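This is upload-v6.cif (mmCIF, C-alpha atoms).
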data_target
loop_
_atom_site.label_atom_id
_atom_site.label_comp_id
_atom_site.auth_asym_id
_atom_site.auth_seq_id
_atom_site.Cartn_x
_atom_site.Cartn_y
_atom_site.Cartn_z
CA MET Z 68 9.40 18.09 -15.62
CA THR Z 69 8.28 19.47 -12.28
CA THR Z 70 9.29 17.35 -9.30
CA TYR Z 71 8.59 17.13 -5.58
CA PRO Z 72 11.46 16.29 -3.16
CA VAL Z 73 11.05 13.58 -0.51
CA THR Z 74 13.41 12.09 2.04
CA ILE Z 75 13.20 8.55 3.40
CA GLY Z 76 15.89 7.80 5.94
CA ALA Z 77 19.11 9.23 4.55
CA LEU Z 78 17.87 9.10 0.93
CA THR Z 79 16.36 11.97 -1.03
CA ARG Z 80 14.42 11.53 -4.26
CA ARG Z 81 12.68 13.98 -6.58
CA LEU Z 82 9.27 12.55 -7.51
CA PRO Z 83 7.80 13.55 -10.87
CA ILE Z 84 4.48 15.37 -10.63
CA VAL Z 85 2.02 13.64 -12.95
CA ALA Z 86 -1.63 14.25 -13.83
CA VAL Z 87 -4.14 11.62 -12.66
CA ALA Z 88 -7.25 13.62 -13.53
CA PRO Z 89 -7.92 16.81 -15.51
CA ASP Z 90 -7.40 19.06 -12.47
CA VAL Z 91 -5.37 16.80 -10.15
CA SER Z 92 -1.70 15.82 -10.17
CA ILE Z 93 0.33 13.75 -7.74
CA ALA Z 94 3.98 13.36 -6.81
CA PHE Z 95 4.46 9.83 -8.21
CA LEU Z 96 6.29 7.55 -5.78
CA LYS Z 97 7.87 4.66 -7.66
CA LEU Z 98 9.68 2.13 -5.51
CA TYR Z 99 10.24 -0.61 -8.08
CA GLY Z 100 13.72 -0.29 -9.56
CA ASP Z 101 15.10 1.62 -6.55
CA PRO Z 102 16.42 -1.07 -4.14
CA PRO Z 103 18.08 1.41 -1.75
CA LEU Z 104 14.84 3.35 -1.34
CA VAL Z 105 12.77 0.18 -0.84
CA SER Z 106 15.25 -1.12 1.72
CA ALA Z 107 15.26 2.18 3.62
CA ALA Z 108 11.45 2.36 3.63
CA VAL Z 109 10.97 -1.23 4.79
CA GLY Z 110 13.63 -0.81 7.48
CA LEU Z 111 11.90 2.26 8.88
CA LEU Z 112 8.41 0.75 8.65
CA ALA Z 113 9.57 -2.49 10.32
CA GLN Z 114 10.47 -0.46 13.41
CA GLN Z 115 6.86 0.74 13.64
CA VAL Z 116 5.01 -2.58 13.27
CA SER Z 117 2.83 -3.40 16.24
CA ASP Z 118 3.73 -6.42 18.37
CA GLU Z 119 0.11 -7.55 17.86
CA VAL Z 120 0.69 -8.33 14.16
CA ASP Z 121 0.58 -12.02 13.18
CA ILE Z 122 0.65 -11.69 9.38
CA ILE Z 123 1.28 -9.08 6.67
CA LEU Z 124 -1.01 -8.40 3.69
CA GLY Z 125 0.05 -6.46 0.61
CA PRO Z 126 -2.32 -5.46 -2.19
CA GLU Z 127 -1.16 -5.93 -5.77
CA ALA Z 128 0.94 -4.32 -7.17
CA GLY Z 129 2.81 -1.88 -4.93
CA GLY Z 130 2.20 -3.82 -1.75
CA ILE Z 131 3.70 -7.09 -2.98
CA LEU Z 132 7.36 -6.10 -2.76
CA LEU Z 133 6.84 -4.26 0.52
CA ALA Z 134 4.87 -7.13 2.09
CA HIS Z 135 7.51 -9.67 1.09
CA LEU Z 136 10.45 -7.67 2.42
CA LEU Z 137 8.66 -6.60 5.60
CA ALA Z 138 7.54 -10.17 6.34
CA GLU Z 139 11.06 -11.42 5.70
CA ARG Z 140 12.55 -8.77 8.01
CA LEU Z 141 10.04 -9.54 10.79
CA ALA Z 142 9.96 -13.33 10.24
CA LEU Z 143 6.19 -13.23 9.66
CA PRO Z 144 4.07 -14.84 6.95
CA TYR Z 145 2.37 -12.71 4.29
CA VAL Z 146 -0.37 -12.91 1.69
CA VAL Z 147 -1.17 -10.85 -1.39
CA ALA Z 148 -4.57 -9.44 -2.37
CA ARG Z 149 -4.64 -9.80 -6.17
CA LYS Z 150 -6.30 -7.57 -8.77
CA LYS Z 151 -7.78 -10.56 -10.57
CA ALA Z 152 -8.62 -14.12 -9.66
CA ARG Z 153 -5.77 -16.50 -10.44
CA PRO Z 154 -6.34 -20.02 -11.80
CA ASN Z 155 -4.89 -21.53 -8.61
CA MET Z 156 -7.39 -19.72 -6.37
CA VAL Z 157 -9.99 -22.04 -4.89
CA ASN Z 158 -13.26 -20.30 -3.97
CA PRO Z 159 -11.79 -16.80 -4.31
CA LEU Z 160 -13.17 -14.08 -2.10
CA SER Z 161 -13.47 -10.69 -3.78
CA VAL Z 162 -14.43 -7.12 -2.97
CA PRO Z 163 -14.76 -4.11 -5.30
CA VAL Z 164 -12.17 -1.33 -5.16
CA ARG Z 165 -11.88 2.10 -6.73
CA THR Z 166 -8.70 4.16 -6.43
CA ILE Z 167 -7.49 7.61 -7.39
CA GLY Z 168 -5.24 6.08 -10.05
CA THR Z 169 -7.93 4.12 -11.91
CA SER Z 170 -10.95 5.39 -13.80
CA GLN Z 171 -12.94 2.17 -13.60
CA ALA Z 172 -14.05 -0.15 -10.84
CA GLN Z 173 -11.70 -3.01 -10.03
CA ALA Z 174 -11.69 -5.82 -7.49
CA LEU Z 175 -9.28 -7.42 -5.07
CA PHE Z 176 -9.17 -11.20 -4.58
CA LEU Z 177 -7.94 -13.70 -2.01
CA GLY Z 178 -7.86 -17.44 -2.52
CA GLU Z 179 -9.26 -19.84 0.04
CA ASP Z 180 -5.76 -20.75 1.28
CA ASP Z 181 -4.88 -17.09 1.93
CA CYS Z 182 -8.24 -16.58 3.65
CA GLY Z 183 -7.33 -19.49 5.90
CA SER Z 184 -3.99 -17.85 6.69
CA LEU Z 185 -5.80 -14.66 7.76
CA HIS Z 186 -8.59 -16.33 9.77
CA GLY Z 187 -8.33 -15.36 13.46
CA LYS Z 188 -5.16 -13.36 12.84
CA ASN Z 189 -4.12 -9.77 13.50
CA VAL Z 190 -3.13 -8.31 10.15
CA ALA Z 191 -0.89 -5.42 9.12
CA VAL Z 192 -1.66 -4.08 5.65
CA ILE Z 193 1.20 -2.45 3.75
CA ASP Z 194 1.14 -0.45 0.52
CA GLU Z 195 3.23 2.15 -1.27
CA VAL Z 196 0.79 5.06 -1.01
CA VAL Z 197 -2.58 5.51 0.67
CA SER Z 198 -4.51 8.35 -0.96
CA SER Z 199 -8.28 8.12 -1.23
CA GLY Z 200 -8.25 4.99 0.93
CA GLY Z 201 -10.14 2.90 -1.63
CA THR Z 202 -7.60 0.07 -1.65
CA LEU Z 203 -7.23 0.16 2.12
CA ASP Z 204 -11.02 -0.02 2.59
CA ALA Z 205 -11.23 -2.96 0.17
CA VAL Z 206 -8.41 -4.80 1.93
CA ARG Z 207 -10.03 -4.24 5.31
CA SER Z 208 -13.26 -5.74 3.91
CA LEU Z 209 -11.35 -8.74 2.52
CA VAL Z 210 -9.57 -9.37 5.81
CA HIS Z 211 -12.83 -9.07 7.76
CA ALA Z 212 -14.61 -11.45 5.36
CA ALA Z 213 -11.72 -13.91 5.80
CA GLY Z 214 -12.14 -13.76 9.58
CA GLY Z 215 -9.08 -11.66 10.34
CA ARG Z 216 -8.60 -8.25 11.96
CA VAL Z 217 -6.64 -5.36 10.45
CA VAL Z 218 -4.76 -3.97 13.44
CA GLN Z 219 -2.40 -1.69 11.51
CA ALA Z 220 -2.15 0.01 8.14
CA LEU Z 221 1.33 0.92 6.91
CA ALA Z 222 2.41 2.91 3.88
CA VAL Z 223 5.55 4.52 2.60
CA ALA Z 224 3.44 7.64 2.02
CA THR Z 225 -0.02 9.03 2.52
CA GLU Z 226 -1.40 11.49 0.02
CA GLY Z 227 -4.07 14.17 -0.06
CA GLU Z 228 -6.00 14.43 3.19
CA PRO Z 229 -4.09 13.47 6.35
CA ARG Z 230 -4.56 9.79 7.30
CA PRO Z 231 -4.16 9.34 11.07
CA ASP Z 232 -5.27 5.70 10.61
CA VAL Z 233 -2.12 4.93 8.58
CA THR Z 234 1.44 4.62 9.87
CA SER Z 235 3.54 6.22 7.14
CA LEU Z 236 6.97 7.70 6.54
CA LEU Z 237 5.83 10.83 4.72
CA HIS Z 238 2.81 12.76 3.47
CA LEU Z 239 2.42 13.90 -0.14
CA PRO Z 240 0.15 16.75 -1.21
CA LEU Z 241 -2.30 16.58 -4.09
CA PHE Z 242 -1.70 19.28 -6.67
CA THR Z 243 -4.72 20.95 -8.23
CA THR Z 244 -5.02 23.76 -10.75
CA ALA Z 245 -5.43 26.07 -7.75
CA THR Z 246 -2.22 24.71 -6.15
CA THR Z 247 1.17 25.97 -7.12
CA THR Z 248 3.74 23.26 -7.67
CA PRO Z 249 7.21 23.39 -6.13
#
Could you render the structure from this file as structure tokens?
Amino acid sequence: MTTYPVTIGALTRRLPIVAVAPDVSIAFLKLYGDPPLVSAAVGLLAQQVSDEVDIILGPEAGGILLAHLLAERLALPYVVARKKARPNMVNPLSVPVRTIGTSQAQALFLGEDDCGSLHGKNVAVIDEVVSSGGTLDAVRSLVHAAGGRVVQALAVATEGEPRPDVTSLLHLPLFTTATTTP
């Protein structure tokens, strides 16, 4: 399998290059199951969080672990934007989302209690990878609808086009049939 090397802190990993569309492949960053890599990433991202941030938001699924650990490290609260409405959600707020990794439209949801936690707050959004920006745009819409302000977007990696609006640790290329792989 072809891989792409990345370094986060003192750790190096070789990410498998996997197809996500007929002519597009990505270097797949998988944090779950790699506690040292997650810890290194959160430690480095924690150093870059703005002093303005009141609360952290992580989108399901990749953002959950990162949001929890970052919030714990910074002693801040956090909420999770879910991919489906949960039975405990009262008056869930939802927005549509489309990402590079999914072929069909999805949605992100926040319950009324989480909306209340975001209301009037400065929010940092954290996710594993920001590529097309679909999830980030959806999360920004959710936060705005809940009465909060996204003041910072954080990711372990950005992918594809450069994302100056995202604080990240590394940038991953997209591989196309015209691109040679490492």
Exercise: Z:Ile123 partners within 9 Å, all atoms listed in the file, chain neighbours under 2 positions left out, as a count of residues only: 17
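Run against this file, the PyMOL selection byres ((chain Z and resi 79-90) around 9) gives back Met68, Thr69, Thr70, Tyr71, Pro72, Val73, Thr74, Ile75, Gly76, Ala77, Leu78, Val91, Ser92, Ile93, Ala94, Phe95, Leu96, Lys97, Leu104, Ile167, Gly168, Thr169, Phe242, Thr243, Thr244, Ala245 and Thr248 of chain Z.
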Target residues per the PyMOL selection byres ((chain Z and resi 196-212) around 8), formatted as an MDAnalysis selection string: chainID Z and resid 96 126 148 160:167 175:177 182 185 190 192 194:195 213:217 220 222:228 233
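The spacing separating atom CA of Z:Asn155 from atom CA of Z:Gly178 amounts to 7.9 Å.
For the pair atom CA of Z:Gly129 and atom CA of Z:Lys150, the separation is 11.4 Å.
Atom CA of Z:Glu139 lies 13.9 Å from atom CA of Z:Ala108.
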Please put the answer as lines of an AutoDock Vina configuration file: centre and edge lengths, in Å with one decimal, of a box along x, y and z that encloses all listed atoms of stretch 110-121 of chain Z plus 6 Å on each side.
center_x = 6.9
center_y = -4.9
center_z = 12.9
size_x = 25.5
size_y = 26.3
size_z = 22.9
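Proximity to Z:Leu124 was assessed for Z:Leu112, Z:Asp181, Z:Asn158, Z:Asp101 counting only C-alpha atoms; the smallest distance is recorded for Z:Asp181.
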